[in-house]
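Structure data follow from data-v1.csv (CSV, C-alpha atoms):
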chain,number,residue,atom,x,y,z
F,282,MET,CA,0.0,0.0,0.0
F,283,THR,CA,1.4,3.4,-1.0
F,284,THR,CA,2.0,5.6,2.0
F,285,ILE,CA,1.8,9.4,2.4
F,286,SER,CA,5.6,9.5,2.7
F,287,ASP,CA,5.8,7.5,-0.6
F,288,TRP,CA,3.6,10.1,-2.3
F,289,TRP,CA,5.6,12.9,-0.9
F,290,ALA,CA,8.8,11.3,-2.2
F,291,GLY,CA,7.2,10.9,-5.6
F,292,ALA,CA,6.3,14.6,-5.6
F,293,ARG,CA,10.1,15.2,-5.6
F,294,PRO,CA,10.2,17.8,-2.9
F,295,ARG,CA,13.7,18.9,-3.8
F,296,THR,CA,12.3,20.2,-7.1
F,297,LEU,CA,9.7,22.4,-5.5
F,298,PRO,CA,11.9,25.5,-5.0
F,299,ALA,CA,12.0,25.6,-8.8
F,300,ALA,CA,8.3,26.5,-8.6
F,301,VAL,CA,8.7,28.9,-5.7
F,302,VAL,CA,11.6,31.0,-6.9
F,303,PRO,CA,9.9,32.5,-10.1
F,304,VAL,CA,6.9,33.5,-8.1
F,305,VAL,CA,9.0,35.2,-5.4
F,306,VAL,CA,11.1,37.0,-8.0
F,307,GLY,CA,8.0,38.0,-10.0
F,308,ALA,CA,6.3,39.4,-6.9
F,309,ALA,CA,9.5,41.4,-6.1
F,310,ALA,CA,9.5,42.8,-9.7
F,311,ALA,CA,5.9,43.9,-9.0
F,312,VAL,CA,7.0,45.6,-5.8
F,313,ALA,CA,9.9,47.3,-7.6
F,314,TRP,CA,7.5,48.7,-10.2
F,315,ALA,CA,4.6,49.7,-8.0
F,316,ASP,CA,4.5,53.1,-6.4
F,317,ALA,CA,3.3,51.6,-3.1
F,318,LEU,CA,3.0,48.1,-1.6
F,319,ASP,CA,-0.8,48.4,-1.4
F,320,GLN,CA,-0.8,48.5,-5.2
F,321,VAL,CA,0.2,44.9,-5.2
F,322,THR,CA,-2.7,42.4,-5.0
F,323,TRP,CA,-1.1,39.9,-2.6
F,324,TRP,CA,-3.8,37.2,-2.7
F,325,ARG,CA,-3.1,36.8,-6.4
F,326,VAL,CA,0.6,36.3,-5.6
F,327,VAL,CA,-0.3,33.6,-3.2
F,328,ALA,CA,-2.7,32.0,-5.7
F,329,ALA,CA,0.1,32.2,-8.4
F,330,LEU,CA,2.4,30.4,-5.9
F,331,ALA,CA,-0.2,27.7,-5.4
F,332,VAL,CA,-0.6,27.2,-9.2
F,333,SER,CA,3.1,27.0,-9.7
F,334,LEU,CA,3.6,24.4,-6.9
F,335,LEU,CA,0.6,22.3,-8.1
F,336,LEU,CA,2.0,22.3,-11.7
F,337,GLN,CA,5.4,21.3,-10.5
F,338,ILE,CA,4.0,18.4,-8.4
F,339,GLY,CA,1.7,17.5,-11.3
F,340,VAL,CA,4.5,17.4,-13.8
F,341,ASN,CA,6.6,15.3,-11.5
F,342,TYR,CA,3.8,12.7,-11.1
F,343,ALA,CA,3.1,12.8,-14.8
F,344,ASN,CA,6.8,12.2,-15.7
F,345,ASP,CA,6.8,9.4,-13.1
F,346,TYR,CA,3.8,7.8,-14.7
F,347,SER,CA,4.8,8.2,-18.4
F,348,ASP,CA,8.4,7.1,-17.9
F,349,GLY,CA,7.3,4.3,-15.7
F,350,VAL,CA,4.9,2.8,-18.2
F,351,ARG,CA,7.4,3.2,-21.0
F,352,GLY,CA,10.1,1.5,-18.9
F,353,THR,CA,12.6,4.3,-19.2
F,354,ASP,CA,12.9,4.5,-15.4
F,355,ASP,CA,13.6,0.8,-14.9
F,356,VAL,CA,17.3,1.5,-14.5
F,357,ARG,CA,17.9,4.7,-12.5
F,358,VAL,CA,20.8,6.5,-10.9
F,359,GLY,CA,18.7,9.2,-9.3
F,360,PRO,CA,15.9,9.1,-6.7
F,361,MET,CA,13.1,6.5,-6.5
F,362,ARG,CA,10.2,6.6,-8.9
F,363,LEU,CA,6.7,5.5,-7.8
F,364,VAL,CA,5.8,3.5,-10.9
F,365,ALA,CA,9.1,2.1,-11.9
F,366,SER,CA,9.8,0.9,-8.3
F,367,GLY,CA,6.4,-0.7,-8.0
F,368,THR,CA,5.6,1.6,-5.0
F,369,ALA,CA,2.4,2.8,-6.6
F,370,PRO,CA,0.2,1.6,-9.4
F,371,ALA,CA,0.6,3.5,-12.7
F,372,GLY,CA,-3.1,4.4,-12.7
F,373,ALA,CA,-3.0,5.9,-9.3
F,374,VAL,CA,0.0,8.1,-10.2
F,375,LYS,CA,-1.7,9.2,-13.4
F,376,ARG,CA,-4.8,10.2,-11.3
F,377,ALA,CA,-2.6,12.1,-8.9
F,378,ALA,CA,-1.0,14.1,-11.7
F,379,LEU,CA,-4.4,14.9,-13.2
F,380,LEU,CA,-5.7,16.0,-9.7
F,381,MET,CA,-2.8,18.4,-9.3
F,382,PHE,CA,-3.4,19.9,-12.8
F,383,GLY,CA,-7.1,20.2,-12.0
F,384,LEU,CA,-6.5,22.1,-8.8
F,385,ALA,CA,-4.1,24.4,-10.6
F,386,ALA,CA,-6.7,25.0,-13.3
F,387,LEU,CA,-9.3,26.0,-10.7
F,388,ILE,CA,-7.0,28.5,-9.0
F,389,GLY,CA,-6.0,29.8,-12.4
F,390,LEU,CA,-9.6,30.3,-13.3
F,391,ALA,CA,-10.0,32.6,-10.2
F,392,LEU,CA,-6.9,34.6,-11.3
F,393,ALA,CA,-8.2,34.9,-14.9
F,394,ALA,CA,-11.6,36.0,-13.7
F,395,THR,CA,-10.1,38.9,-11.8
F,396,THR,CA,-7.4,40.0,-14.3
F,397,THR,CA,-7.8,38.8,-18.0
F,398,TRP,CA,-9.3,35.7,-19.6
F,399,TRP,CA,-6.2,35.4,-21.7
F,400,LEU,CA,-4.7,33.7,-18.6
F,401,LEU,CA,-6.9,30.7,-19.4
F,402,ALA,CA,-4.9,30.1,-22.6
F,403,VAL,CA,-1.6,30.5,-20.8
F,404,GLY,CA,-2.8,28.0,-18.1
F,405,ALA,CA,-4.0,25.5,-20.7
F,406,ALA,CA,-0.7,25.7,-22.5
F,407,ALA,CA,1.2,25.2,-19.2
F,408,ILE,CA,-0.8,22.1,-18.4
F,409,LEU,CA,-0.4,20.6,-21.9
F,410,ALA,CA,3.3,21.3,-21.7
F,411,ALA,CA,3.5,19.7,-18.3
F,412,TRP,CA,1.8,16.5,-19.6
F,413,GLY,CA,3.6,16.5,-22.9
F,414,TYR,CA,7.1,16.5,-21.5
F,415,THR,CA,7.1,12.7,-21.2
F,416,GLY,CA,3.5,11.9,-22.0
F,417,GLY,CA,1.5,11.4,-25.2
F,418,PRO,CA,2.6,9.7,-28.4
F,419,LYS,CA,5.5,12.2,-29.1
F,420,PRO,CA,6.8,13.5,-25.8
F,421,TYR,CA,8.9,16.6,-26.4
F,422,GLY,CA,11.2,15.7,-23.6
F,423,TYR,CA,12.3,12.7,-25.7
F,424,LEU,CA,12.9,15.1,-28.6
F,425,GLY,CA,15.5,17.3,-26.9
F,426,LEU,CA,13.0,20.2,-26.3
F,427,GLY,CA,12.7,19.9,-22.5
F,428,GLU,CA,15.0,22.8,-21.8
F,429,VAL,CA,13.1,25.2,-24.1
F,430,PHE,CA,9.8,24.5,-22.4
F,431,VAL,CA,11.3,24.6,-18.9
F,432,PHE,CA,12.8,28.0,-19.7
F,433,VAL,CA,9.5,29.3,-21.1
F,434,PHE,CA,7.1,28.0,-18.4
F,435,PHE,CA,9.2,27.8,-15.2
F,436,GLY,CA,11.2,30.9,-16.2
F,437,LEU,CA,9.3,33.4,-18.3
F,438,VAL,CA,5.7,32.5,-17.7
F,439,ALA,CA,5.9,31.8,-14.0
F,440,THR,CA,7.9,35.0,-13.2
F,441,VAL,CA,6.3,37.5,-15.6
F,442,GLY,CA,2.9,35.9,-15.0
F,443,THR,CA,3.2,36.5,-11.2
F,444,THR,CA,4.2,40.2,-11.9
F,445,PHE,CA,1.2,40.6,-14.1
F,446,VAL,CA,-1.4,39.2,-11.7
F,447,ALA,CA,0.1,41.2,-8.9
F,448,ILE,CA,-0.1,44.6,-10.6
F,449,GLU,CA,-1.6,43.9,-14.0
F,450,GLU,CA,1.4,45.3,-15.8
F,451,VAL,CA,4.6,43.7,-17.2
F,452,PRO,CA,7.6,46.0,-16.7
F,453,SER,CA,10.8,45.2,-18.6
F,454,ILE,CA,12.6,44.4,-15.3
F,455,ALA,CA,10.3,41.4,-14.9
F,456,TRP,CA,11.4,39.9,-18.2
F,457,LEU,CA,15.1,40.4,-17.3
F,458,ALA,CA,14.6,38.8,-13.9
F,459,ALA,CA,12.6,35.9,-15.5
F,460,THR,CA,15.5,35.3,-17.9
F,461,GLY,CA,18.0,34.8,-15.1
F,462,VAL,CA,15.6,32.5,-13.2
F,463,GLY,CA,14.9,30.6,-16.4
F,464,PHE,CA,18.5,30.0,-17.1
F,465,LEU,CA,19.1,28.5,-13.7
F,466,VAL,CA,16.0,26.3,-13.7
F,467,CYS,CA,17.2,25.0,-17.1
F,468,ALA,CA,20.6,24.3,-15.6
F,469,ILE,CA,18.9,22.0,-13.1
F,470,LEU,CA,17.4,20.0,-16.0
F,471,VAL,CA,20.6,20.0,-18.0
F,472,VAL,CA,22.7,18.5,-15.2
F,473,ASN,CA,20.0,16.0,-14.5
F,474,ASN,CA,20.0,14.9,-18.2
F,475,LEU,CA,23.8,15.0,-18.2
F,476,ARG,CA,23.8,12.4,-15.4
F,477,ASP,CA,21.3,10.3,-17.3
F,478,ILE,CA,22.9,10.3,-20.7
F,479,PRO,CA,23.9,6.6,-20.6
F,480,THR,CA,20.6,5.3,-19.4
F,481,ASP,CA,18.5,7.6,-21.6
F,482,ALA,CA,20.4,6.7,-24.7
F,483,ALA,CA,20.0,3.0,-24.0
F,484,VAL,CA,16.2,3.3,-23.9
F,485,GLY,CA,15.9,5.7,-26.8
F,486,LYS,CA,15.1,8.8,-24.8
F,487,ARG,CA,16.7,11.5,-27.0
F,488,THR,CA,17.1,14.4,-24.5
F,489,LEU,CA,19.0,17.4,-25.5
F,490,ALA,CA,22.0,16.0,-23.6
F,491,VAL,CA,21.8,12.8,-25.6
F,492,ARG,CA,21.6,14.7,-28.8
F,493,ILE,CA,24.5,17.1,-28.3
F,494,GLY,CA,26.7,14.8,-26.3
F,495,ASP,CA,28.5,14.9,-23.0
F,496,ALA,CA,31.0,17.7,-23.8
F,497,TRP,CA,28.5,20.2,-25.2
F,498,THR,CA,26.1,19.5,-22.4
F,499,ARG,CA,28.7,20.5,-19.9
F,500,ARG,CA,29.4,23.7,-21.9
F,501,LEU,CA,25.6,24.4,-22.0
F,502,TYR,CA,25.4,24.0,-18.2
F,503,ALA,CA,28.2,26.5,-17.7
F,504,ALA,CA,26.7,28.9,-20.1
F,505,LEU,CA,23.3,28.8,-18.3
F,506,VAL,CA,24.8,29.3,-14.9
F,507,VAL,CA,27.0,32.2,-16.0
F,508,GLY,CA,24.1,33.7,-18.1
F,509,ALA,CA,22.0,33.9,-15.0
F,510,PHE,CA,24.5,36.0,-13.2
F,511,VAL,CA,25.0,38.2,-16.3
F,512,ALA,CA,21.2,38.8,-16.3
F,513,ALA,CA,21.4,40.0,-12.7
F,514,ALA,CA,24.3,42.3,-13.5
F,515,VAL,CA,22.4,43.8,-16.4
F,516,ALA,CA,19.4,44.3,-14.2
F,517,ALA,CA,21.6,46.3,-11.8
F,518,GLY,CA,21.8,48.9,-14.5
F,519,SER,CA,18.3,50.1,-13.5
F,520,ARG,CA,18.0,48.3,-10.1
F,521,PRO,CA,21.5,48.4,-8.5
F,522,TRP,CA,20.5,46.2,-5.6
F,523,SER,CA,19.9,43.4,-8.1
F,524,LEU,CA,23.6,42.7,-7.7
F,525,LEU,CA,22.8,41.0,-4.5
F,526,ALA,CA,22.1,37.9,-6.7
F,527,ILE,CA,25.8,37.7,-7.3
F,528,GLY,CA,26.0,36.4,-3.7
F,529,ALA,CA,24.8,33.0,-5.0
F,530,LEU,CA,28.0,32.7,-7.1
F,531,PRO,CA,30.1,30.9,-4.4
F,532,ILE,CA,27.4,28.2,-4.2
F,533,ALA,CA,27.4,27.8,-8.0
F,534,ARG,CA,31.2,27.7,-8.4
F,535,PRO,CA,31.9,24.2,-7.0
F,536,SER,CA,29.1,22.8,-9.2
F,537,LEU,CA,30.6,24.5,-12.3
F,538,GLN,CA,34.0,23.0,-11.4
F,539,ARG,CA,32.7,19.5,-11.0
F,540,VAL,CA,30.7,19.6,-14.3
F,541,LEU,CA,33.6,21.0,-16.3
F,542,ARG,CA,36.1,18.5,-14.7
F,543,GLY,CA,34.0,15.6,-16.0
F,544,ALA,CA,31.9,14.3,-13.0
F,545,THR,CA,29.5,11.5,-14.1
F,546,GLY,CA,26.8,9.3,-12.7
F,547,ARG,CA,26.3,9.5,-9.0
F,548,ASP,CA,29.0,12.1,-8.7
F,549,LEU,CA,26.5,14.5,-10.4
F,550,ILE,CA,23.8,14.0,-7.8
F,551,PRO,CA,25.4,16.5,-5.4
F,552,VAL,CA,25.8,18.9,-8.3
F,553,LEU,CA,22.1,18.6,-9.0
F,554,VAL,CA,21.3,19.4,-5.4
F,555,ALA,CA,23.8,22.3,-5.4
F,556,THR,CA,22.3,23.7,-8.6
F,557,GLY,CA,18.9,23.7,-7.0
F,558,THR,CA,20.4,25.5,-4.0
F,559,THR,CA,22.0,28.0,-6.3
F,560,HIS,CA,18.7,28.6,-8.0
F,561,LEU,CA,17.0,29.2,-4.6
F,562,ALA,CA,19.7,31.5,-3.3
F,563,TYR,CA,19.9,33.4,-6.5
F,564,GLY,CA,16.2,33.9,-6.7
F,565,LEU,CA,15.8,35.0,-3.1
F,566,LEU,CA,18.7,37.5,-3.3
F,567,PHE,CA,17.5,38.8,-6.6
F,568,ALA,CA,14.0,39.3,-5.1
F,569,ILE,CA,15.4,41.2,-2.1
F,570,GLY,CA,17.5,43.4,-4.5
F,571,LEU,CA,14.5,44.2,-6.6
F,572,ALA,CA,12.3,45.0,-3.6
F,573,LEU,CA,15.0,47.2,-2.1
F,574,GLY,CA,15.2,49.1,-5.3
F,575,ASN,CA,11.7,50.5,-4.8

Please lay out the structure from this file as structure tokens.
Amino acid sequence: MTTISDWWAGARPRTLPAAVVPVVVGAAAAVAWADALDQVTWWRVVAALAVSLLLQIGVNYANDYSDGVRGTDDVRVGPMRLVASGTAPAGAVKRAALLMFGLAALIGLALAATTTWWLLAVGAAAILAAWGYTGGPKPYGYLGLGEVFVFVFFGLVATVGTTFVAIEEVPSIAWLAATGVGFLVCAILVVNNLRDIPTDAAVGKRTLAVRIGDAWTRRLYAALVVGAFVAAAVAAGSRPWSLLAIGALPIARPSLQRVLRGATGRDLIPVLVATGTTHLAYGLLFAIGLALGN
């Protein structure tokens, strides 16, 4: 019988900061742009956070289900998967994913009703992207497009979308902040796929890492991490306190060194964790810097 702790493990709690960071940064961009804090609609920010978390958990369950039934998770280096390990029936995991998506859609409906109905189209696209990553007849995660969609939805859409629902405007600083956030969340996926190149290639999962190979994947990881800090530096041109985000660089440096020096397999698991920590620290520091700039 699947326990609550099993379901929590299947939700991949270590990935949840990737859903929190863009909302926090987006809210800070709203604060930076607004003339006063009371111009920010805070209940919508909380609702955006709930949507982001539900989508993240939903995509984690959906990936667990789809990869599990395809057999691509049968041999893993990373954490346990519910379906592949036999901890939970495939149908139950699928229903859990759909439940998360349904709850996210309901909250999104409330946000759309109080801002613009165009948010329904954005929300529908996000849910379809979440399912289509490893689900459906032609999952885009198997075609090397995972990083593109992660950048768009967990970088641009989540960050800029939060700013919009908070103040119903989209200032340029929100786009710049979203770019930095998106680069680092992509770096998390890139190092995950770097670790899984041998097993993914063996089962025909053609991730971007499999397609471009080990060496170029390492270069891509480095470019994304460095690009995030460049984005913060550029933002400092109009919001000087944005440079606080550079404070996350000491956390990122060891991960960069390990990747560029050729770490593989289980040796990349600490890098994956550290990249997530870098993303969290970067986002929080960036958010503080933006808010201080008001």

- Between atom CA of F:Ile448 and atom CA of F:Asp316, what is the spacing in Å?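 For atom CA of F:Asp316 relative to atom CA of F:Ile448, the distance reads 10.5 Å.
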
**Prompt:** Which one of F:Ala468, F:Val431, F:Ala513, F:Leu541 sits closest to F:Tyr414 if you count all atoms listed in the file?
**Reply:**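 Ranking F:Ala468, F:Val431, F:Ala513, F:Leu541 by distance to F:Tyr414, first place goes to F:Val431.
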
Which is closer to F:Ala317 than all the others in F:Arg362, F:Pro298, F:Pro452, F:Ala572, using all atoms listed in the file?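 When distances to F:Ala317 are compared using all atoms listed in the file, the smallest one comes from F:Ala572.
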
Atom pair atom CA of F:Ala405 + atom CA of F:Phe382, distance 9.7 Å

With all atoms listed in the file as the basis for distance, which of F:Val321, F:Leu424, F:Ala517, F:Ile532 is at the shortest distance from F:Asp481?
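The shortest atom-to-atom distance to F:Asp481 comes from F:Leu424.
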
### Task
Can you work out the spacing between atom CA of F:Leu524 and atom CA of F:Ala568 in Å, to one decimal?
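Separation between atom CA of F:Leu524 and atom CA of F:Ala568: 10.5 Å.
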
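With only C-alpha atoms as the atoms that count, the minimum distance from F:Leu553 to the choices F:Ser366, F:Thr284, F:Thr498, F:Asn473 is reached by F:Asn473.
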
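Non-sequential neighbours of F:Gly367 (distance at most 12 Å, separation of 2 or more positions within a chain, all atoms listed in the file) are Met282, Thr283, Asp287, Gly291, Asp345, Tyr346, Gly349, Val350, Gly352, Asp354, Asp355, Met361, Arg362, Leu363, Val364, Ala365, Ala369, Pro370, Ala371, Gly372, Ala373 and Val374 of chain F.
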
Residues of the last selection are to be written out with C-alpha atoms, as a short mmCIF file (atom, residue, chain, number, x, y, z; two decimals), in the coordinates of the input.
data_model
loop_
_atom_site.label_atom_id
_atom_site.label_comp_id
_atom_site.auth_asym_id
_atom_site.auth_seq_id
_atom_site.Cartn_x
_atom_site.Cartn_y
_atom_site.Cartn_z
CA MET F 282 0.00 0.00 0.00
CA THR F 283 1.40 3.40 -1.00
CA ASP F 287 5.80 7.50 -0.60
CA GLY F 291 7.20 10.90 -5.60
CA ASP F 345 6.80 9.40 -13.10
CA TYR F 346 3.80 7.80 -14.70
CA GLY F 349 7.30 4.30 -15.70
CA VAL F 350 4.90 2.80 -18.20
CA GLY F 352 10.10 1.50 -18.90
CA ASP F 354 12.90 4.50 -15.40
CA ASP F 355 13.60 0.80 -14.90
CA MET F 361 13.10 6.50 -6.50
CA ARG F 362 10.20 6.60 -8.90
CA LEU F 363 6.70 5.50 -7.80
CA VAL F 364 5.80 3.50 -10.90
CA ALA F 365 9.10 2.10 -11.90
CA ALA F 369 2.40 2.80 -6.60
CA PRO F 370 0.20 1.60 -9.40
CA ALA F 371 0.60 3.50 -12.70
CA GLY F 372 -3.10 4.40 -12.70
CA ALA F 373 -3.00 5.90 -9.30
CA VAL F 374 0.00 8.10 -10.20
#

### Task
Would you please work out which residue, of F:Thr559, F:Asn474, F:Ser333, F:Thr322, is nearest to F:Gly427 when using all atoms listed in the file?
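Answer, going by the shortest atom-to-atom distance: F:Asn474.
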
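Compared by their closest atoms to F:Ser347, and using all atoms listed in the file, the residues F:Phe464, F:Phe445, F:Trp288, F:Tyr423 rank with F:Tyr423 nearest.
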
Requested in this report: Find the residues near F:Ala555: any atom within 9 Å, counting all atoms listed in the file, skip ones fewer than 5 places away on the same chain, and give them as a count of residues only.
Outcome: 6

How big is the axis-aligned box around the listed atoms of stretch 282-285 of chain F once 4 Å is added on each side, and where is its centre? Give both in Å to one decimal, as lines of an AutoDock Vina configuration file.
center_x = 1.0
center_y = 4.7
center_z = 0.7
size_x = 10.0
size_y = 17.4
size_z = 11.4

For F:Gly442, please output as a compact mmCIF listing (two decimals) with C-alpha atoms, keeping the file's coordinate frame all residues within 9 Å (counting all atoms listed in the file; exclusion window: fewer than 6 positions along the same chain).
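This went into out-v3.txt:
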# COMPACT_ATOMS: atom_id res chain seq x y z
CA VAL F 304 6.90 33.50 -8.10
CA GLY F 307 8.00 38.00 -10.00
CA ALA F 329 0.10 32.20 -8.40
CA LEU F 400 -4.70 33.70 -18.60
CA VAL F 451 4.60 43.70 -17.20
